[in-house]
Amino acid sequence: MIAELGHYALVLALALSLVQMVVPFWGARKDDPVLMGVAAPVSLMMLAFVTFSFGALMTVYVTSDFSVLNVVENSHSRMPLIYKFTSTWGNHEGSMLLWVFVLALFGGLVALFGGNLPDRLKANALAVQGAIAVAFLTFILFTSNPFTRIISPPAEGRSLNPILQDPGLAIHPPLLYLGYVGLSIAFAFAMAALIEGRIDAAWARWVRPWTLAAWVFLTLGIAMGSYWAYYELGWGGWWFWDPVENASLMPWLAATALLHSAVVMEKRDALKIWTVLLAILAFSLSLIGTFLVRSGVLTSVHAFATDPARGVFILGILTFFIGGSLLLFALRAGDLRQGGIFAPVSREGALVMNNLFLTAATAAVFVGTLYPLALEMISDAKITVGPPFFNITFGGLMLPLVFAIPFGPLMAWKRGDLLGVAQRLTVAAAVAVVAIVVTAAATGGGPVLAAVMVGLGVFIIAGALTDIAERAGIGRVSARVAFARLKGVPRSAFGTAVAHLGVGVCLIGIVCETTWSQEHIASMKVGDSFTIGSHDLTFLRIENRTGANFTARTAVFGLSTDGEPEGNIEASRRNFEARQMGTTESGIRTFGFSQLYLSMGEETPDGHISVRATWKPLVTLIWLGAVVMSLGGCLSLADRRLRVGAPRPAKAKPRQDKRPAPQPAPAE
């Protein structure tokens, strides 16, 4: 019964989304406040029904209702409870329902907290959200129904893919979807503005907080997915340029460019056309990512669907929304009035440079990801675009961008002084030079470029701190006055500095891990030892273990440094009987910001096992940097100016004629 109610709730949600798509849009055309006012309550009702449907799917998973086909294919009664919950979105049908749930959630939030939006903009934006919901609810109901019953239920299910039976799955997909789908709000606002043919600085103020929230979630989702692949897949890499990884990176890059472009538009009423285009492209790249994962065109551990019919349906959705939005943009862009002008050397100029490099990097990733697919479709030839291409093109484009990061916030609006900014960054540059020298000395004069890149990361961190110090007047005024000024610095400025600091932290982690990692591969039997880094590992024993729904062979190693025991580290290979699949569980020990990574290979009949150990210096800074960037975004969101948004324009008061009343003509 729960499954039928969940399915019926989806049908009602589809009907409500149709109302949300048509009625407010028509009301905006007729300037009817009653019809426009329908948008908010209908979007909240649709959110309620989608939430109920998602809860119903979760219920049939938790109760192991094997009369539902989706549960049979992705669950097992002996799975731990947490994986019964995560199985809800650990499959194609459930993940699409999560997609629509997040879409409805953002629409409901706009309805609740968009009271200061102009009625026409709010109505049109929610109508666009309704149109997106119509497309994806139709897709779910006709091609990916998660509530399909089977006539003869089996006693047990096939279980969830063992690779996905990990706590990271409870965090990674929801965060990623909050980022992916959250960009639909920026898209909806862009389409609403194009429909009206009017866009101004206030529009940028409304768009920024929604885009920033989506960017924060997307940053955390990508970082969590990277760490999940790092420890779960057993290969020890944190980024492989997998097409599905790229599918999440592209909208993140576009959203980052959009955030910086919206600042220029809000402050200087400039870059209007470009900002609207970025809002369209950011969500369009999210749709492309959805197509790549759900269409079956890719074979990846991240991909769910293999049904071509679903791929054609999603391709149709993608074509309609991306093609339609770009067509509307082409028709309306000429009507948008350009804003103020500025000198190339200015904060606006720095942000434009930021946008150019980010969009070029996005284009490079886009071509490298989709070119092999297009070539195979056209000529049936198969090629692979791997890490060397992405490392050179993407890295080459990002290098000048990250070098310029400390300069941007210190530039003046409209016309800046590059030499003056460079002088204010003298201390940051000196600290970076010291970092280069210390790094080169500590690594025995290792790769010079790597030491320079570490110095660049330190320069970015010191530059972010310089921005805050300059705002507070540290070094120019008394400590008391500086502290008072520091308390008055806007939270958005703190957020910008913290986010940029996170980029520097992440860069240092990337350089150190990729340059100075040490790897040792050996075939070992009990009692054998080897040294990696400053750590000694001894193979102590191998054990059989049993989990809730798996069996495992676990290798236990003793860990010591300079003869001092530091406990054990374990690696294992698990076998999941329900799926007849195996996984590799890595052993990881963290030392400060560095990690010792251990994975277990095949076991031979004579008791030897293959072992791969890797010492990864400062690797955790990669994910710590992403968390710091997200924290910066949260600080900016806490700024009251972003939370309040642009004020509602005051209604014009009727003019009063203050001219003196005419006097009667004198009598003759």
# chains A, B, ... in the order shown; residues from 1 in each chain; ligands from 1
call {"tool": "residues_around", "arguments": {"residues": "Phe390 of chain A", "least_positions_apart": "4", "cutoff": "12 Å", "atoms": "only C-alpha atoms", "output": "JSON, numbers by chain"}}
result
{"A": [239, 240, 241, 242, 243, 246, 361, 362, 363, 364, 365, 366, 367, 368, 369, 384, 385, 386, 394, 395, 396, 397, 398]}
call {"tool": "residues_around", "arguments": {"residues": "Ala381 of chain A", "least_positions_apart": "5", "cutoff": "9 Å", "atoms": "only C-alpha atoms", "output": "PyMOL selection string"}}
result
chain A and resi 372+375-376
call {"tool": "residues_around", "arguments": {"residues": "segment 6-12 of chain A", "least_positions_apart": "2", "cutoff": "10 Å", "atoms": "only C-alpha atoms", "output": "PyMOL selection string"}}
result
chain A and resi 1-4+14-18+45-46+48-57+59-60+97+137-138+140-141+145-148
call {"tool": "closest_residue", "arguments": {"among": "A:Ser529, A:Ser286, A:Gln580, A:Ser492", "to": "Leu637 of chain A", "atoms": "only C-alpha atoms"}}
result
A:Ser492
call {"tool": "residues_around", "arguments": {"residues": "His76 of chain A", "least_positions_apart": "2", "cutoff": "9 Å", "atoms": "only C-alpha atoms", "output": "PDB file with N, CA and C atoms, in the first residue's frame"}}
result
ATOM      1  N   TYR A  61      12.150   0.411   1.397  1.00  0.00           N
ATOM      2  CA  TYR A  61      13.528  -0.089   1.516  1.00  0.00           C
ATOM      3  C   TYR A  61      13.827  -0.525   2.943  1.00  0.00           C
ATOM      4  N   SER A  64      12.227  -3.703   3.793  1.00  0.00           N
ATOM      5  CA  SER A  64      12.578  -4.799   2.877  1.00  0.00           C
ATOM      6  C   SER A  64      11.345  -5.378   2.192  1.00  0.00           C
ATOM      7  N   PHE A  66      10.024  -6.732  -0.691  1.00  0.00           N
ATOM      8  CA  PHE A  66      10.542  -7.296  -1.936  1.00  0.00           C
ATOM      9  C   PHE A  66       9.455  -7.522  -2.985  1.00  0.00           C
ATOM     10  N   VAL A  71      13.353  -2.441  -4.926  1.00  0.00           N
ATOM     11  CA  VAL A  71      13.920  -2.950  -3.678  1.00  0.00           C
ATOM     12  C   VAL A  71      14.599  -4.294  -3.917  1.00  0.00           C
ATOM     13  N   VAL A  72      13.994  -5.133  -4.732  1.00  0.00           N
ATOM     14  CA  VAL A  72      14.592  -6.433  -5.042  1.00  0.00           C
ATOM     15  C   VAL A  72      15.958  -6.257  -5.677  1.00  0.00           C
ATOM     16  N   GLU A  73      16.078  -5.309  -6.582  1.00  0.00           N
ATOM     17  CA  GLU A  73      17.319  -5.148  -7.337  1.00  0.00           C
ATOM     18  C   GLU A  73      18.416  -4.438  -6.562  1.00  0.00           C
ATOM     19  N   ASN A  74      18.057  -3.771  -5.449  1.00  0.00           N
ATOM     20  CA  ASN A  74      19.056  -2.931  -4.794  1.00  0.00           C
ATOM     21  C   ASN A  74      19.093  -3.056  -3.277  1.00  0.00           C
ATOM     22  N   ARG A  78      19.605  -8.494   5.035  1.00  0.00           N
ATOM     23  CA  ARG A  78      20.723  -8.519   5.987  1.00  0.00           C
ATOM     24  C   ARG A  78      21.636  -7.297   5.874  1.00  0.00           C
ATOM     25  N   MET A  79      21.315  -6.395   4.983  1.00  0.00           N
ATOM     26  CA  MET A  79      22.134  -5.190   4.892  1.00  0.00           C
ATOM     27  C   MET A  79      21.967  -4.341   6.156  1.00  0.00           C
ATOM     28  N   LYS A  84      20.280   0.419   3.940  1.00  0.00           N
ATOM     29  CA  LYS A  84      18.901   0.365   3.453  1.00  0.00           C
ATOM     30  C   LYS A  84      18.396   1.779   3.165  1.00  0.00           C
ATOM     31  N   GLU A 156      14.368 -12.884  -1.158  1.00  0.00           N
ATOM     32  CA  GLU A 156      15.473 -11.973  -0.879  1.00  0.00           C
ATOM     33  C   GLU A 156      15.766 -11.105  -2.097  1.00  0.00           C
ATOM     34  N   GLY A 157      16.427  -9.958  -1.833  1.00  0.00           N
ATOM     35  CA  GLY A 157      16.846  -9.076  -2.916  1.00  0.00           C
ATOM     36  C   GLY A 157      18.275  -9.352  -3.333  1.00  0.00           C
ATOM     37  N   ARG A 158      18.705  -8.650  -4.388  1.00  0.00           N
ATOM     38  CA  ARG A 158      20.059  -8.830  -4.924  1.00  0.00           C
ATOM     39  C   ARG A 158      21.094  -8.048  -4.151  1.00  0.00           C
ATOM     40  N   SER A 159      20.665  -7.154  -3.279  1.00  0.00           N
ATOM     41  CA  SER A 159      21.539  -6.315  -2.469  1.00  0.00           C
ATOM     42  C   SER A 159      22.040  -5.110  -3.274  1.00  0.00           C
ATOM     43  N   LEU A 160      22.471  -4.106  -2.551  1.00  0.00           N
ATOM     44  CA  LEU A 160      23.043  -2.914  -3.164  1.00  0.00           C
ATOM     45  C   LEU A 160      24.433  -3.222  -3.694  1.00  0.00           C
ATOM     46  N   ASN A 549      26.592  -8.786   5.877  1.00  0.00           N
ATOM     47  CA  ASN A 549      26.227  -9.391   4.602  1.00  0.00           C
ATOM     48  C   ASN A 549      27.441  -9.661   3.727  1.00  0.00           C
ATOM     49  N   ALA A 578      25.425 -12.094  -1.983  1.00  0.00           N
ATOM     50  CA  ALA A 578      24.180 -11.802  -2.694  1.00  0.00           C
ATOM     51  C   ALA A 578      24.445 -11.296  -4.102  1.00  0.00           C
TER      52      ALA A 578
END
call {"tool": "residues_around", "arguments": {"residues": "Asn161 of chain A", "least_positions_apart": "3", "cutoff": "8 Å", "atoms": "only C-alpha atoms", "output": "list of chain:residue names"}}
result
A:Asn74, A:Leu164, A:Gln165, A:Arg579
